[in-house]
$ cat entry28.csv   # CSV, C-alpha atoms and all ligand atoms
chain,number,residue,atom,x,y,z
M,1,MET,CA,0.0,0.0,0.0
M,2,THR,CA,1.2,3.5,-0.8
M,3,SER,CA,1.7,5.7,2.2
M,4,SER,CA,0.9,9.3,1.5
M,5,PHE,CA,2.4,12.4,3.2
M,6,ARG,CA,1.7,16.1,3.0
M,7,ILE,CA,5.0,18.0,3.0
M,8,THR,CA,5.2,21.8,3.2
M,9,LEU,CA,8.2,23.2,1.4
M,10,LEU,CA,9.6,26.5,2.5
M,11,PRO,CA,12.5,27.4,0.2
M,12,GLY,CA,12.9,30.9,1.6
M,13,ASP,CA,15.9,33.0,0.5
M,14,GLY,CA,19.4,33.0,-0.9
M,15,ILE,CA,20.5,29.5,-1.8
M,16,GLY,CA,17.3,28.1,-0.3
M,17,PRO,CA,15.4,27.6,-3.6
M,18,GLU,CA,18.4,25.9,-5.2
M,19,ILE,CA,19.0,23.3,-2.5
M,20,MET,CA,15.3,22.8,-2.1
M,21,ALA,CA,14.9,22.0,-5.8
M,22,VAL,CA,17.6,19.3,-5.6
M,23,THR,CA,16.0,17.8,-2.5
M,24,VAL,CA,12.6,17.6,-4.0
M,25,GLU,CA,13.9,15.7,-7.0
M,26,VAL,CA,15.7,13.3,-4.6
M,27,LEU,CA,12.5,12.8,-2.5
M,28,LYS,CA,10.4,12.2,-5.6
M,29,THR,CA,12.8,9.5,-6.7
M,30,ILE,CA,12.9,7.8,-3.3
M,31,GLY,CA,9.1,8.1,-3.2
M,32,ARG,CA,8.7,6.3,-6.5
M,33,GLN,CA,11.1,3.6,-5.4
M,34,MET,CA,9.7,3.0,-2.0
M,35,ASP,CA,6.0,3.5,-2.7
M,36,LEU,CA,5.7,6.7,-0.7
M,37,ALA,CA,3.4,9.4,-2.2
M,38,PHE,CA,4.5,13.0,-1.3
M,39,GLU,CA,2.1,15.8,-1.7
M,40,PHE,CA,4.3,18.9,-1.8
M,41,GLU,CA,2.9,22.4,-1.2
M,42,THR,CA,5.3,25.3,-1.4
M,43,ALA,CA,4.7,28.4,0.8
M,44,LEU,CA,6.4,31.7,1.5
M,45,ILE,CA,8.7,32.6,4.4
M,46,GLY,CA,11.4,35.1,5.1
M,47,GLY,CA,12.5,37.7,2.6
M,48,ALA,CA,10.6,36.1,-0.2
M,49,ALA,CA,7.4,36.4,1.8
M,50,ILE,CA,8.3,40.0,2.7
M,51,ASP,CA,8.6,40.9,-0.9
M,52,ALA,CA,5.4,39.2,-1.9
M,53,THR,CA,3.2,40.1,1.1
M,54,GLY,CA,5.0,42.6,3.4
M,55,GLU,CA,5.2,40.0,6.2
M,56,PRO,CA,8.0,37.4,6.9
M,57,LEU,CA,5.5,34.7,7.9
M,58,PRO,CA,2.1,35.2,6.2
M,59,GLU,CA,-0.8,33.6,8.0
M,60,GLU,CA,-1.4,31.4,5.0
M,61,THR,CA,2.0,29.9,5.4
M,62,LEU,CA,1.4,28.9,9.1
M,63,LYS,CA,-1.9,27.5,8.1
M,64,ILE,CA,-0.4,25.3,5.4
M,65,CYS,CA,2.4,24.2,7.7
M,66,LYS,CA,-0.1,23.2,10.5
M,67,ALA,CA,-2.1,21.1,8.0
M,68,SER,CA,0.9,19.1,6.8
M,69,ASP,CA,2.7,16.0,8.2
M,70,ALA,CA,6.1,17.8,8.1
M,71,VAL,CA,7.7,21.0,7.1
M,72,LEU,CA,10.9,21.1,5.1
M,73,LEU,CA,12.6,24.5,5.3
M,74,ALA,CA,15.7,25.7,3.5
M,75,ALA,CA,17.0,29.0,4.7
M,76,ILE,CA,15.9,32.6,5.2
M,77,GLY,CA,17.6,36.1,5.2
M,78,GLY,CA,19.7,38.3,3.0
M,79,TYR,CA,21.3,41.7,2.9
M,80,GLN,CA,18.4,43.5,1.3
M,81,TRP,CA,16.1,42.9,4.2
M,82,ASP,CA,18.7,43.6,7.0
M,83,SER,CA,17.7,47.2,7.6
M,84,LEU,CA,13.9,46.7,7.8
M,85,PRO,CA,12.2,47.2,11.1
M,86,ARG,CA,12.6,44.0,13.3
M,87,HIS,CA,9.0,42.8,12.9
M,88,GLN,CA,9.5,42.7,9.1
M,89,ARG,CA,12.9,40.9,9.1
M,90,PRO,CA,13.2,37.4,7.7
M,91,GLU,CA,14.5,36.1,11.0
M,92,THR,CA,11.3,37.3,12.7
M,93,GLY,CA,9.4,35.0,10.3
M,94,LEU,CA,11.5,32.0,11.4
M,95,LEU,CA,11.0,32.8,15.0
M,96,ALA,CA,7.3,33.1,14.5
M,97,LEU,CA,7.2,29.8,12.7
M,98,ARG,CA,8.9,28.1,15.6
M,99,ALA,CA,6.6,29.8,18.1
M,100,GLY,CA,3.5,29.2,15.9
M,101,LEU,CA,4.2,25.5,15.7
M,102,GLY,CA,5.3,25.2,19.3
M,103,LEU,CA,8.7,23.8,18.3
M,104,PHE,CA,10.5,23.9,21.6
M,105,ALA,CA,13.1,21.2,20.9
M,106,ASN,CA,15.8,21.7,18.3
M,107,LEU,CA,18.0,18.7,17.6
M,108,ARG,CA,21.3,19.6,15.9
M,109,PRO,CA,23.6,16.7,15.2
M,110,ALA,CA,27.2,17.3,14.5
M,111,THR,CA,28.7,14.2,13.1
M,112,ILE,CA,31.9,14.1,11.3
M,113,LEU,CA,31.9,11.9,8.2
M,114,PRO,CA,35.1,10.0,7.6
M,115,GLN,CA,35.3,11.3,4.1
M,116,LEU,CA,35.4,14.9,5.3
M,117,VAL,CA,37.8,14.7,8.3
M,118,ASP,CA,40.3,16.8,6.4
M,119,ALA,CA,37.7,19.5,5.7
M,120,SER,CA,37.7,20.4,9.4
M,121,SER,CA,39.9,23.3,10.5
M,122,LEU,CA,40.9,21.2,13.5
M,123,LYS,CA,43.5,18.4,13.6
M,124,ARG,CA,42.4,14.9,12.4
M,125,GLU,CA,43.0,13.3,15.8
M,126,VAL,CA,40.8,15.9,17.5
M,127,VAL,CA,37.8,15.6,15.3
M,128,GLU,CA,37.9,12.0,14.0
M,129,GLY,CA,34.9,10.2,15.4
M,130,VAL,CA,33.1,13.3,16.7
M,131,ASP,CA,29.4,12.5,17.1
M,132,ILE,CA,27.5,15.1,19.1
M,133,MET,CA,23.8,16.0,19.4
M,134,VAL,CA,23.0,19.5,20.5
M,135,VAL,CA,19.5,19.7,22.0
M,136,ARG,CA,18.7,23.4,21.9
M,137,GLU,CA,15.6,24.9,23.6
M,138,LEU,CA,14.0,26.9,20.8
M,139,THR,CA,10.9,28.8,21.9
M,140,GLY,CA,12.0,30.4,25.2
M,141,GLY,CA,14.9,32.1,26.8
M,142,ILE,CA,16.3,35.5,25.8
M,143,TYR,CA,14.9,35.1,22.2
M,144,PHE,CA,11.4,35.4,23.4
M,145,GLY,CA,11.5,36.8,27.0
M,146,SER,CA,9.9,40.1,27.8
M,147,PRO,CA,10.4,43.0,28.4
M,148,LYS,CA,12.2,43.5,25.1
M,149,GLY,CA,12.8,46.6,23.1
M,150,ILE,CA,14.8,49.7,22.7
M,151,PHE,CA,13.5,52.3,25.2
M,152,GLU,CA,14.0,55.9,25.9
M,153,THR,CA,15.2,56.7,29.4
M,154,GLU,CA,14.1,59.7,31.5
M,155,THR,CA,17.5,61.3,30.8
M,156,GLY,CA,17.0,61.0,27.0
M,157,HIS,CA,19.3,58.0,26.6
M,158,LYS,CA,18.4,54.8,24.8
M,159,ARG,CA,18.3,51.5,26.6
M,160,GLY,CA,18.2,48.1,24.7
M,161,VAL,CA,16.6,45.3,26.7
M,162,ASN,CA,16.1,41.6,26.3
M,163,THR,CA,15.1,39.2,29.1
M,164,MET,CA,16.5,35.7,29.6
M,165,VAL,CA,13.7,33.8,31.2
M,166,TYR,CA,12.8,30.2,31.7
M,167,THR,CA,10.0,28.7,33.6
M,168,ASP,CA,10.3,25.3,35.4
M,169,SER,CA,7.9,23.7,32.9
M,170,GLU,CA,9.9,24.9,29.9
M,171,ILE,CA,13.1,23.5,31.4
M,172,ASP,CA,11.5,20.2,32.3
M,173,ARG,CA,10.0,19.6,28.8
M,174,ILE,CA,13.3,20.2,27.0
M,175,GLY,CA,15.1,18.3,29.7
M,176,LYS,CA,13.0,15.3,29.1
M,177,VAL,CA,13.6,15.4,25.4
M,178,ALA,CA,17.3,15.6,26.0
M,179,PHE,CA,17.5,12.7,28.5
M,180,ALA,CA,15.4,10.6,26.1
M,181,THR,CA,17.8,11.6,23.2
M,182,ALA,CA,20.8,10.7,25.3
M,183,GLN,CA,19.2,7.3,26.2
M,184,LYS,CA,19.1,6.5,22.5
M,185,ARG,CA,22.7,7.5,22.0
M,186,ARG,CA,25.7,6.9,24.3
M,187,GLY,CA,23.9,7.7,27.6
M,188,GLN,CA,25.8,10.9,28.4
M,189,LEU,CA,24.1,14.2,28.8
M,190,CYS,CA,25.9,17.5,29.4
M,191,SER,CA,23.7,20.4,30.4
M,192,VAL,CA,25.3,23.8,29.5
M,193,ASP,CA,24.4,26.9,31.5
M,194,LYS,CA,25.9,30.0,33.2
M,195,ALA,CA,24.7,29.1,36.7
M,196,ASN,CA,27.8,30.8,38.2
M,197,VAL,CA,26.3,34.2,37.2
M,198,LEU,CA,22.7,33.9,36.0
M,199,GLU,CA,19.7,33.1,38.2
M,200,VAL,CA,17.8,31.7,35.2
M,201,SER,CA,20.7,29.3,34.7
M,202,GLN,CA,20.6,28.3,38.4
M,203,LEU,CA,16.9,27.3,37.9
M,204,TRP,CA,17.9,25.5,34.7
M,205,ARG,CA,20.5,23.5,36.5
M,206,ASP,CA,18.3,22.6,39.5
M,207,ARG,CA,15.5,21.4,37.2
M,208,ILE,CA,17.7,19.4,34.9
M,209,THR,CA,19.4,17.8,38.0
M,210,ALA,CA,15.9,16.9,39.4
M,211,LEU,CA,15.0,15.0,36.3
M,212,ALA,CA,18.1,12.8,36.4
M,213,PRO,CA,16.8,10.1,38.8
M,214,ASP,CA,14.1,9.2,36.2
M,215,TYR,CA,16.9,8.3,33.7
M,216,PRO,CA,19.3,6.1,35.6
M,217,ASP,CA,20.9,4.9,32.4
M,218,VAL,CA,22.0,8.5,31.5
M,219,THR,CA,25.1,10.1,33.1
M,220,LEU,CA,24.4,13.8,33.7
M,221,THR,CA,27.1,16.4,33.9
M,222,HIS,CA,26.9,20.2,33.9
M,223,MET,CA,29.2,22.7,32.3
M,224,TYR,CA,29.4,26.5,32.1
M,225,VAL,CA,28.9,27.8,28.6
M,226,ASP,CA,32.3,29.5,28.3
M,227,ASN,CA,34.0,26.3,29.2
M,228,ALA,CA,31.7,24.4,26.9
M,229,ALA,CA,32.8,26.6,24.0
M,230,MET,CA,36.4,25.9,24.8
M,231,GLN,CA,36.0,22.2,25.4
M,232,LEU,CA,34.2,21.8,22.0
M,233,ILE,CA,37.3,22.9,20.2
M,234,ARG,CA,39.8,21.4,22.7
M,235,TRP,CA,38.4,17.9,23.0
M,236,PRO,CA,35.0,17.5,21.3
M,237,LYS,CA,35.0,13.7,21.7
M,238,GLN,CA,34.1,14.1,25.4
M,239,PHE,CA,30.6,15.1,24.3
M,240,ASP,CA,27.6,12.9,23.5
M,241,THR,CA,24.4,14.8,24.0
M,242,ILE,CA,24.4,18.5,25.0
M,243,VAL,CA,21.3,20.3,26.3
M,244,THR,CA,21.1,24.0,26.6
M,245,GLY,CA,19.0,27.1,26.3
M,246,ASN,CA,18.1,29.0,23.2
M,247,LEU,CA,20.9,31.5,22.9
M,248,PHE,CA,23.7,29.3,24.2
M,249,GLY,CA,22.4,26.6,21.8
M,250,ASP,CA,22.5,28.9,18.9
M,251,ILE,CA,26.1,29.7,19.5
M,252,LEU,CA,27.4,26.2,20.5
M,253,SER,CA,25.5,24.5,17.6
M,254,ASP,CA,27.4,26.6,15.1
M,255,ALA,CA,30.7,25.8,16.8
M,256,ALA,CA,29.8,22.1,16.9
M,257,ALA,CA,28.8,22.2,13.3
M,258,MET,CA,32.1,23.7,12.2
M,259,LEU,CA,34.0,20.9,13.9
M,260,THR,CA,32.7,18.7,11.1
M,261,GLY,CA,34.4,20.8,8.4
M,262,SER,CA,31.3,22.1,6.8
M,263,ILE,CA,28.2,23.6,8.2
M,264,GLY,CA,26.9,22.8,4.7
M,265,MET,CA,26.5,19.2,5.7
M,266,LEU,CA,24.4,19.4,8.8
M,267,PRO,CA,20.7,18.9,9.1
M,268,SER,CA,18.4,19.7,12.1
M,269,ALA,CA,15.0,18.9,13.4
M,270,SER,CA,12.7,21.2,15.4
M,271,LEU,CA,10.0,19.4,17.2
M,272,GLY,CA,7.0,20.3,19.4
M,273,ALA,CA,4.8,18.2,21.7
M,274,ASP,CA,2.6,17.3,18.8
M,275,GLY,CA,1.9,18.5,15.2
M,276,PRO,CA,4.4,18.8,12.4
M,277,GLY,CA,8.1,19.4,13.0
M,278,VAL,CA,10.4,21.6,10.9
M,279,TYR,CA,13.4,20.0,9.2
M,280,GLU,CA,16.1,22.4,8.0
M,281,PRO,CA,19.8,22.7,7.4
M,282,VAL,CA,21.9,24.3,10.2
M,283,HIS,CA,23.4,26.7,7.7
M,284,GLY,CA,21.9,29.9,6.6
M,285,SER,CA,20.9,31.4,3.2
M,286,ALA,CA,24.5,32.2,2.0
M,287,PRO,CA,23.4,35.3,-0.1
M,288,ASP,CA,27.0,35.7,-1.3
M,289,ILE,CA,26.7,32.5,-3.4
M,290,ALA,CA,23.0,32.5,-4.1
M,291,GLY,CA,21.9,31.9,-7.7
M,292,GLN,CA,25.4,30.8,-8.8
M,293,ASP,CA,24.8,27.0,-8.5
M,294,LYS,CA,27.6,26.8,-5.9
M,295,ALA,CA,25.6,25.8,-2.9
M,296,ASN,CA,26.0,22.4,-1.1
M,297,PRO,CA,22.6,20.8,-1.1
M,298,LEU,CA,23.6,17.9,1.2
M,299,ALA,CA,22.5,19.4,4.5
M,300,GLN,CA,19.0,20.0,3.0
M,301,VAL,CA,19.0,16.4,1.6
M,302,LEU,CA,20.0,15.1,5.1
M,303,SER,CA,17.3,17.2,6.6
M,304,ALA,CA,14.8,15.4,4.4
M,305,ALA,CA,16.3,12.1,5.6
M,306,MET,CA,15.7,13.3,9.2
M,307,MET,CA,12.1,14.1,8.2
M,308,LEU,CA,11.6,10.7,6.7
M,309,ARG,CA,13.0,9.1,9.9
M,310,TYR,CA,11.4,11.1,12.6
M,311,ALA,CA,8.2,12.7,11.2
M,312,LEU,CA,7.1,10.1,8.6
M,313,ASP,CA,8.5,7.0,10.3
M,314,GLN,CA,10.2,5.8,7.1
M,315,PRO,CA,13.6,4.6,8.4
M,316,ALA,CA,14.4,2.5,5.3
M,317,ALA,CA,13.9,5.5,3.0
M,318,ALA,CA,16.0,7.7,5.4
M,319,ASP,CA,18.8,5.1,5.4
M,320,ARG,CA,18.7,5.0,1.6
M,321,LEU,CA,19.0,8.8,1.4
M,322,GLU,CA,21.8,8.9,3.9
M,323,GLN,CA,23.6,6.1,2.1
M,324,ALA,CA,23.3,8.0,-1.2
M,325,VAL,CA,25.0,11.0,0.4
M,326,THR,CA,27.8,8.8,1.7
M,327,THR,CA,28.2,7.2,-1.8
M,328,VAL,CA,28.5,10.4,-3.7
M,329,LEU,CA,31.2,11.6,-1.2
M,330,ASP,CA,33.0,8.2,-1.7
M,331,GLN,CA,32.8,8.8,-5.4
M,332,GLY,CA,34.7,12.1,-4.8
M,333,TYR,CA,32.1,14.7,-5.5
M,334,ARG,CA,32.5,17.8,-3.5
M,335,THR,CA,30.9,21.3,-3.6
M,336,GLY,CA,33.2,24.2,-3.0
M,337,ASP,CA,32.7,24.4,0.7
M,338,ILE,CA,34.0,20.8,1.3
M,339,MET,CA,36.5,20.7,-1.6
M,340,SER,CA,39.9,19.2,-1.1
M,341,ALA,CA,42.7,18.0,-3.3
M,342,SER,CA,42.1,15.3,-5.9
M,343,MET,CA,38.3,15.5,-5.5
M,344,THR,CA,35.8,16.5,-8.2
M,345,GLN,CA,34.3,19.9,-7.6
M,346,VAL,CA,30.7,20.2,-8.6
M,347,GLY,CA,27.9,22.7,-8.3
M,348,CYS,CA,24.5,22.3,-6.5
M,349,GLN,CA,22.7,20.8,-9.5
M,350,ALA,CA,25.4,18.4,-10.4
M,351,MET,CA,25.6,17.2,-6.8
M,352,GLY,CA,21.9,16.5,-7.1
M,353,GLU,CA,22.4,14.6,-10.3
M,354,ALA,CA,25.1,12.5,-8.7
M,355,LEU,CA,22.6,11.6,-5.9
M,356,LEU,CA,20.0,10.7,-8.4
M,357,ARG,CA,22.5,8.4,-10.3
M,358,VAL,CA,23.3,6.6,-7.1
M,359,LEU,CA,19.6,6.2,-6.2
M,360,VAL,CA,18.4,4.7,-9.4
M,401,LIG,C1,19.6,29.5,13.7
M,401,LIG,C2,19.6,30.9,13.2
M,401,LIG,C3,18.4,31.6,13.8
M,401,LIG,C4,18.5,31.6,15.3
M,401,LIG,C5,18.2,33.0,13.2
M,401,LIG,C6,18.3,33.0,11.7
M,401,LIG,C7,17.0,33.6,13.7
M,401,LIG,O1,20.9,31.5,13.6
M,401,LIG,O2,18.6,28.8,13.4
M,401,LIG,O3,20.5,29.0,14.4
M,401,LIG,O4,19.2,32.5,15.9
M,401,LIG,O5,17.9,30.8,15.9
M,402,MG,MG,22.2,30.1,14.5
$ encode --input "entry28.csv" --output "structure tokens" --more "lines below"
Ligand code: IPM
Ligand code: MG
Amino acid sequence: MTSSFRITLLPGDGIGPEIMAVTVEVLKTIGRQMDLAFEFETALIGGAAIDATGEPLPEETLKICKASDAVLLAAIGGYQWDSLPRHQRPETGLLALRAGLGLFANLRPATILPQLVDASSLKREVVEGVDIMVVRELTGGIYFGSPKGIFETETGHKRGVNTMVYTDSEIDRIGKVAFATAQKRRGQLCSVDKANVLEVSQLWRDRITALAPDYPDVTLTHMYVDNAAMQLIRWPKQFDTIVTGNLFGDILSDAAAMLTGSIGMLPSASLGADGPGVYEPVHGSAPDIAGQDKANPLAQVLSAAMMLRYALDQPAAADRLEQAVTTVLDQGYRTGDIMSASMTQVGCQAMGEALLRVLV
């Protein structure tokens, strides 16, 4: 019997449409081969939505996303929208999507592929075998806390304000996701905070600690965020699963991603308590290379694999897709961002064609 799935596609800005086009072709091929029917609907987000509707997340887009089984997002943002008022910026659309779908848990794996060890800026012995999962809280913390704004003081000065706030229940629900994730991995969870300075972090640490007895098979440690940033580049293999708040997770997940040599290779999943999740590359919209057929589509393709695995419960199709990525790398195909000596440099489309050749 054919299984049928409704997928919302949000290509967004910059290289987004190029990497999305490759991924859709790959998904169609997998679908034909494995008897999966995908019903794709494309919607606007980010700068593309601002240009078309004046808003970075039109209501229509959120409606379409809510009615689907999963959302595949590429990337948002670009120089031309950077000076707009904040409520009209592409980033605001992404944050509104996360909030609108209740996506509080962001899973960002940083796994180094053996074929790409030399693409890392760190030494082989430091990065070989790195396999980290960053569990980032995504709908709370300083990104969403109030008060926020730029205010005028009584003395005529300006005062910029954001508020880092977490409630006990917000910490508990991300904590549970993190412990469960660590359980399925190597059973080590490192919670990252700034409890030596911030009250909000002290509450974070207390709540995460209180969850630990429910997960006797997971070893919990705590680390301050500055030390975690250092340890990630000093000895990344000490980490299995990391759980942290929104801002620290934003920063540390970029650092973890770069260990692997290319942020262009890494997928992510953003999940809520129920309803569709959003699957997207960790990288951004790379406006400097947009429209030039230079982008690496593999993080988008691997995001589709995560979608198949976690949202659509199609592990065989996900394996097949991930295997295809490994095979094209073994065949020596590289986009510019992961290029190294004696490999074959290809553009975005040609990388897609290489994947299709492997899949047929
Ligand atoms: C990310 C991005 C976003 C964030 C921006 C684009 C709003 O950096 O997904 O990591 O800060 O969360
Ligand atoms: Mg980021």
$ residues_near_ligand --input "entry28.csv" --ligand "ligand LIG 401 (chain M)" --cutoff "10 Å" --atoms "only C-alpha atoms and all ligand atoms" --output "JSON, numbers by chain"
{"M": [46, 75, 76, 77, 89, 90, 91, 92, 93, 94, 95, 96, 98, 106, 108, 136, 137, 138, 139, 143, 246, 247, 248, 249, 250, 251, 252, 253, 254, 268, 270, 280, 281, 282, 283, 284, 285]}
$ closest_residue --input "entry28.csv" --among "M:Lys176, M:Ala256, M:Gly47, M:Phe151" --to "ligand MG 402 (chain M)" --atoms "only C-alpha atoms and all ligand atoms"
M:Ala256
$ closest_residue --input "entry28.csv" --among "M:Cys65, M:Ala99, M:Ala74, M:Leu198" --to "M:Glu18" --atoms "all atoms listed in the file"
M:Ala74
$ atom_distance --input "entry28.csv" --atom1 "atom CA of M:Glu60" --atom2 "atom CA of M:Val22"
24.9 Å
$ atom_distance --input "entry28.csv" --atom1 "atom CA of M:Gln331" --atom2 "atom CA of M:Met343"
8.7 Å
$ closest_residue --input "entry28.csv" --among "M:Gly78, M:Pro267, M:Gly261, M:Gly175" --to "M:Phe104" --atoms "all atoms listed in the file"
M:Gly175
$ closest_residue --input "entry28.csv" --among "M:Ala255, M:Glu59, M:Pro85, M:Val243" --to "ligand MG 402 (chain M)" --atoms "all atoms listed in the file"
M:Ala255
$ atom_distance --input "entry28.csv" --atom1 "atom CA of M:Gly54" --atom2 "atom CA of M:Gly160"
25.7 Å
$ residues_near_point --input "entry28.csv" --point "(18.3, 14.7, 3.4)" --cutoff "8 Å" --atoms "only C-alpha atoms" --output "list in words"
Thr23, Pro267, Leu298, Ala299, Gln300, Val301, Leu302, Ser303, Ala304, Ala305, Met306, Met307, Ala318, Leu321 and Glu322 of chain M
$ decode --input "entry28.csv" --residues "stretch 33-51 of chain M" --atoms "N, CA, C and O atoms" --output "PDB file, in the first residue's frame"
ATOM      1  N   GLN M  33      10.506   4.840  -5.673  1.00  0.00           N
ATOM      2  CA  GLN M  33      11.135   3.551  -5.412  1.00  0.00           C
ATOM      3  C   GLN M  33      10.537   2.835  -4.211  1.00  0.00           C
ATOM      4  O   GLN M  33      10.510   1.617  -4.154  1.00  0.00           O
ATOM      5  N   MET M  34      10.081   3.610  -3.237  1.00  0.00           N
ATOM      6  CA  MET M  34       9.675   2.980  -1.985  1.00  0.00           C
ATOM      7  C   MET M  34       8.181   3.102  -1.720  1.00  0.00           C
ATOM      8  O   MET M  34       7.725   2.912  -0.591  1.00  0.00           O
ATOM      9  N   ASP M  35       7.464   3.459  -2.774  1.00  0.00           N
ATOM     10  CA  ASP M  35       6.011   3.495  -2.674  1.00  0.00           C
ATOM     11  C   ASP M  35       5.518   4.503  -1.625  1.00  0.00           C
ATOM     12  O   ASP M  35       4.637   4.216  -0.822  1.00  0.00           O
ATOM     13  N   LEU M  36       6.129   5.669  -1.640  1.00  0.00           N
ATOM     14  CA  LEU M  36       5.703   6.746  -0.750  1.00  0.00           C
ATOM     15  C   LEU M  36       5.189   7.882  -1.635  1.00  0.00           C
ATOM     16  O   LEU M  36       5.896   8.306  -2.538  1.00  0.00           O
ATOM     17  N   ALA M  37       3.983   8.329  -1.382  1.00  0.00           N
ATOM     18  CA  ALA M  37       3.448   9.440  -2.186  1.00  0.00           C
ATOM     19  C   ALA M  37       3.601  10.736  -1.396  1.00  0.00           C
ATOM     20  O   ALA M  37       3.072  10.865  -0.296  1.00  0.00           O
ATOM     21  N   PHE M  38       4.364  11.667  -1.956  1.00  0.00           N
ATOM     22  CA  PHE M  38       4.524  12.966  -1.300  1.00  0.00           C
ATOM     23  C   PHE M  38       3.659  13.992  -1.997  1.00  0.00           C
ATOM     24  O   PHE M  38       3.711  14.138  -3.217  1.00  0.00           O
ATOM     25  N   GLU M  39       2.885  14.696  -1.201  1.00  0.00           N
ATOM     26  CA  GLU M  39       2.095  15.790  -1.739  1.00  0.00           C
ATOM     27  C   GLU M  39       2.800  17.068  -1.273  1.00  0.00           C
ATOM     28  O   GLU M  39       2.767  17.414  -0.096  1.00  0.00           O
ATOM     29  N   PHE M  40       3.502  17.729  -2.206  1.00  0.00           N
ATOM     30  CA  PHE M  40       4.279  18.911  -1.820  1.00  0.00           C
ATOM     31  C   PHE M  40       3.460  20.177  -1.995  1.00  0.00           C
ATOM     32  O   PHE M  40       2.804  20.349  -3.023  1.00  0.00           O
ATOM     33  N   GLU M  41       3.527  21.056  -1.014  1.00  0.00           N
ATOM     34  CA  GLU M  41       2.948  22.376  -1.194  1.00  0.00           C
ATOM     35  C   GLU M  41       4.004  23.411  -0.789  1.00  0.00           C
ATOM     36  O   GLU M  41       4.572  23.334   0.303  1.00  0.00           O
ATOM     37  N   THR M  42       4.261  24.351  -1.683  1.00  0.00           N
ATOM     38  CA  THR M  42       5.293  25.348  -1.413  1.00  0.00           C
ATOM     39  C   THR M  42       4.661  26.607  -0.834  1.00  0.00           C
ATOM     40  O   THR M  42       3.617  27.062  -1.312  1.00  0.00           O
ATOM     41  N   ALA M  43       5.273  27.160   0.197  1.00  0.00           N
ATOM     42  CA  ALA M  43       4.739  28.380   0.815  1.00  0.00           C
ATOM     43  C   ALA M  43       5.872  29.376   1.056  1.00  0.00           C
ATOM     44  O   ALA M  43       7.058  29.031   0.982  1.00  0.00           O
ATOM     45  N   LEU M  44       5.469  30.606   1.337  1.00  0.00           N
ATOM     46  CA  LEU M  44       6.430  31.708   1.462  1.00  0.00           C
ATOM     47  C   LEU M  44       6.871  31.906   2.906  1.00  0.00           C
ATOM     48  O   LEU M  44       6.068  31.851   3.832  1.00  0.00           O
ATOM     49  N   ILE M  45       8.156  32.194   3.074  1.00  0.00           N
ATOM     50  CA  ILE M  45       8.674  32.617   4.379  1.00  0.00           C
ATOM     51  C   ILE M  45       9.892  33.507   4.146  1.00  0.00           C
ATOM     52  O   ILE M  45      10.509  33.452   3.075  1.00  0.00           O
ATOM     53  N   GLY M  46      10.213  34.320   5.144  1.00  0.00           N
ATOM     54  CA  GLY M  46      11.436  35.122   5.085  1.00  0.00           C
ATOM     55  C   GLY M  46      11.337  36.272   4.104  1.00  0.00           C
ATOM     56  O   GLY M  46      10.266  36.848   3.881  1.00  0.00           O
ATOM     57  N   GLY M  47      12.479  36.603   3.507  1.00  0.00           N
ATOM     58  CA  GLY M  47      12.529  37.736   2.581  1.00  0.00           C
ATOM     59  C   GLY M  47      11.581  37.559   1.405  1.00  0.00           C
ATOM     60  O   GLY M  47      10.917  38.510   0.967  1.00  0.00           O
ATOM     61  N   ALA M  48      11.504  36.328   0.900  1.00  0.00           N
ATOM     62  CA  ALA M  48      10.604  36.061  -0.237  1.00  0.00           C
ATOM     63  C   ALA M  48       9.169  36.413   0.145  1.00  0.00           C
ATOM     64  O   ALA M  48       8.417  36.974  -0.669  1.00  0.00           O
ATOM     65  N   ALA M  49       8.791  36.126   1.378  1.00  0.00           N
ATOM     66  CA  ALA M  49       7.440  36.438   1.838  1.00  0.00           C
ATOM     67  C   ALA M  49       7.264  37.944   2.048  1.00  0.00           C
ATOM     68  O   ALA M  49       6.207  38.507   1.759  1.00  0.00           O
ATOM     69  N   ILE M  50       8.316  38.586   2.534  1.00  0.00           N
ATOM     70  CA  ILE M  50       8.251  40.045   2.736  1.00  0.00           C
ATOM     71  C   ILE M  50       8.020  40.736   1.389  1.00  0.00           C
ATOM     72  O   ILE M  50       7.162  41.613   1.252  1.00  0.00           O
ATOM     73  N   ASP M  51       8.785  40.307   0.390  1.00  0.00           N
ATOM     74  CA  ASP M  51       8.642  40.920  -0.938  1.00  0.00           C
ATOM     75  C   ASP M  51       7.237  40.706  -1.508  1.00  0.00           C
ATOM     76  O   ASP M  51       6.664  41.577  -2.142  1.00  0.00           O
TER      77      ASP M  51
END
